[in-house]
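Peer 1: Provided herewith is a single structure, encoded as C-alpha cells, for subsequent inquiry.
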Amino acid sequence: MPQLQKISPCLWFDGEAEEAARFYVSVFEDSAIERIMRWGKDGVGDHGQPDGKVLLVSFRLAGQSFSALNGGPQFHFTEAVSLMVGCESEQEVDYYWERLGPGGGGKAGDCGWLKDRFGLSWQIAPLELLDMYHSGDVPAAERAMKAMMTMQKLDLPALRKAYRGA
C-alpha cells in the first residue's frame with residue numbers, strides 16, 4: 001500500500017483525473033500511478049456516477065504523492081495555486097516547459113509560468129535563479145528579477161548575464 005505524505009495535494013478535475021495523472025506521470029521521472037479508485041454500483045442513486053467510473057487516482061510525481069479527484073464541474077484551477085518545478089539546467093527548463101506547456105497542449109504564461117492542458121498552473125524555474133535572489137547582492141538580484149519579468153520561458157543564460165550586469 002502506498003505511503004501518504006504528511007501533506008499531499010489533491011487536484012480537482014471534471015472527469016479528467018486519470019488522463020491528467022497518466023500525463024503527469026509520463027513527464028516526470030520517479031513517477032507512477034499507484035492506485036485507482038472507482039465508483040461502485042452501490043450508491044449510484046446517491047452519487048449518480050456510473051459503476052466503474054474513476055473517482056480518485058493516487059499517483060507519485062518525482063517521488064511526491066498526489067491525488068487526482070473527479071469532483072465535477074464546480075471548481076477550476078486558478079493561478080492562486082501552482083506547482084513549482086526546480087530545474088538544474090536550461091535543458092531541464094526546456095524539457096518541462098515543452099512537455100507541460102505548448103508541446104503538451106498547454107499555454108505559456110509570463111515569468112516562467114504556464115498552464116497545462118488541464119488548466120493547472122506550473123512554474124518552471126531554474127534553481128540557480130533562486131540562488132541569485134538569495135545571494136545577498138541586492139542590485140544583482142534586482143537585475144535578474146527585472147530580466148525575468150520580460151520572459152515567458154526563463155532563459156538561464158540571459159538571467160546569468162543580467163545578474164552579472166553584462
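Chains: A, B, ... in order of the C-alpha cells. Residues: from 1 per chain. Ligands: from 1, in order shown.
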Find the residues near A:Ala166: any atom within 12 Å, counting only C-alpha atoms, skip ones fewer than 3 places away on the same chain, and give them as a list in words.

Peer 2: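 Skipping anything fewer than 3 positions along the chain leaves Ala140, Arg143, Ala144, Ala147, Pro157, Ala158, Leu159, Arg160, Lys161, Ala162 and Tyr163 of chain A.
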
Peer 1: Run DSSP on the backbone and give me the residues of stretch 28-98 of chain A it puts in helix (DSSP H, G or I), as number ranges by chain.

Peer 2: A: 44-47, 90-98

Peer 1: Write a file of the selected residues as an mmCIF file, in the first residue's frame, keeping C-alpha atoms.

Peer 2:
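Contents of the output file out.cif:
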```cif
data_model
loop_
_atom_site.group_PDB
_atom_site.id
_atom_site.type_symbol
_atom_site.label_atom_id
_atom_site.label_comp_id
_atom_site.auth_asym_id
_atom_site.auth_seq_id
_atom_site.Cartn_x
_atom_site.Cartn_y
_atom_site.Cartn_z
ATOM 1 C CA VAL A 44 -25.443 5.044 -7.737
ATOM 2 C CA GLY A 45 -28.701 6.618 -6.629
ATOM 3 C CA ASP A 46 -26.763 8.815 -4.182
ATOM 4 C CA HIS A 47 -23.788 9.890 -6.265
ATOM 5 C CA GLU A 90 18.479 25.221 -19.139
ATOM 6 C CA GLN A 91 17.907 21.822 -20.787
ATOM 7 C CA GLU A 92 15.679 20.805 -17.884
ATOM 8 C CA VAL A 93 13.767 24.106 -18.119
ATOM 9 C CA ASP A 94 13.257 23.450 -21.837
ATOM 10 C CA TYR A 95 12.134 19.851 -21.205
ATOM 11 C CA TYR A 96 9.405 20.709 -18.677
ATOM 12 C CA TRP A 97 8.338 23.873 -20.478
ATOM 13 C CA GLU A 98 7.794 21.999 -23.725
#
```

Peer 1: So how far away is atom CA of A:Ser26 from atom CA of A:Arg117, in Å?

Peer 2: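 Between atom CA of A:Arg117 and atom CA of A:Ser26 the gap is 14.1 Å.
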
Peer 1: Could you build a table of the residues in stretch 43-120 of chain A lying no more than 7 Å from stretch 126-133 of chain A, giving for each the nearest pair of atoms and their separation in Å rounded to one decimal place, using only C-alpha atoms, ordered by chain and ascending residue number, as JSON lines?

Peer 2:
```
{"residue": "A:Gly86", "atom": "CA", "partner": "A:Leu127", "partner_atom": "CA", "distance": 5.4}
{"residue": "A:Cys87", "atom": "CA", "partner": "A:Pro126", "partner_atom": "CA", "distance": 4.5}
{"residue": "A:Glu88", "atom": "CA", "partner": "A:Leu127", "partner_atom": "CA", "distance": 5.9}
{"residue": "A:Ser89", "atom": "CA", "partner": "A:Pro126", "partner_atom": "CA", "distance": 6.5}
{"residue": "A:Val93", "atom": "CA", "partner": "A:Pro126", "partner_atom": "CA", "distance": 6.6}
```

Peer 1: Quote the spacing between atom CA of A:Met37 and atom CA of A:Val85 in Å to one decimal place.

Peer 2: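 Distance reported for this atom pair: 27.5 Å.
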
Peer 1: Given the choices A:Asp116, A:Glu34, A:Glu29, A:Asp137, which gets closest to A:Ala68 if the distance is worked out from only C-alpha atoms?

Peer 2: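 Looking at the shortest contact to A:Ala68, the residue is A:Glu34.
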
Peer 1: Once DSSP has gone over the backbone, tell me which residues of chain A are in strand (DSSP E), as a ChimeraX atom specification.

Peer 2: /A:10-13,32-38,54-61,64-70,82-87,107-108,113-115,121-126

Peer 1: Which residue out of A:Arg35, A:Glu16, A:Thr78, A:Cys10 has the minimum interatomic distance to A:Ser58 when only C-alpha atoms are used?

Peer 2: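 So, comparing all the options, the nearest one is A:Arg35.
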
Peer 1: Quick one, how far is atom CA of A:Arg164 from atom CA of A:Asp110?

Peer 2: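 Separation between atom CA of A:Arg164 and atom CA of A:Asp110: 22.5 Å.
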
Peer 1: Pick out the residues sitting within 6 Å of A:Ser31, and hand them over as a ChimeraX atom specification; count only C-alpha atoms, and ignore anything fewer than 6 positions along from it in its own chain.

Peer 2: /A:25,60-62

Peer 1: Those residues with N, CA and C atoms, as a tab-separated table (two decimals), in the first residue's frame please?

Peer 2:
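Listing of result-v2.tsv after writing:
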```
chain	number	residue	atom	x	y	z
A	25	VAL	N	2.55	11.64	-14.99
A	25	VAL	CA	3.47	10.53	-14.75
A	25	VAL	C	4.40	10.32	-15.95
A	60	ARG	N	2.31	9.33	-7.93
A	60	ARG	CA	3.55	9.91	-7.42
A	60	ARG	C	4.22	10.64	-8.58
A	61	LEU	N	4.67	11.88	-8.33
A	61	LEU	CA	5.43	12.67	-9.29
A	61	LEU	C	6.76	13.03	-8.66
A	62	ALA	N	7.84	12.62	-9.30
A	62	ALA	CA	9.19	12.92	-8.80
A	62	ALA	C	9.29	12.58	-7.31
```

Peer 1: Nearest to A:Trp113: which of A:Ala21, A:Ala80, A:Leu154, A:Leu55 is it, counting only C-alpha atoms?

Peer 2: A:Leu154

Peer 1: Between A:Gly105, A:Gly15, A:Gly165, A:Gly119, which one has atoms that come closest to A:His76, using only C-alpha atoms?

Peer 2: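 Result for the nearest residue to A:His76: A:Gly119.
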
Peer 1: My list of candidates is A:Ala141, A:Leu83, A:Met149, A:Ala108. Which is closest to A:Ser121 when distances are computed with only C-alpha atoms?

Peer 2: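 Of A:Ala141, A:Leu83, A:Met149, A:Ala108, the one nearest A:Ser121 is A:Leu83, counting only C-alpha atoms.
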
Peer 1: Do a neighbour search on A:Phe77 at 8 Å with only C-alpha atoms, toss out local chain neighbours closer than 2 positions, and write the hits as a PyMOL selection string.

Peer 2: chain A and resi 12+75+79+81+119-121
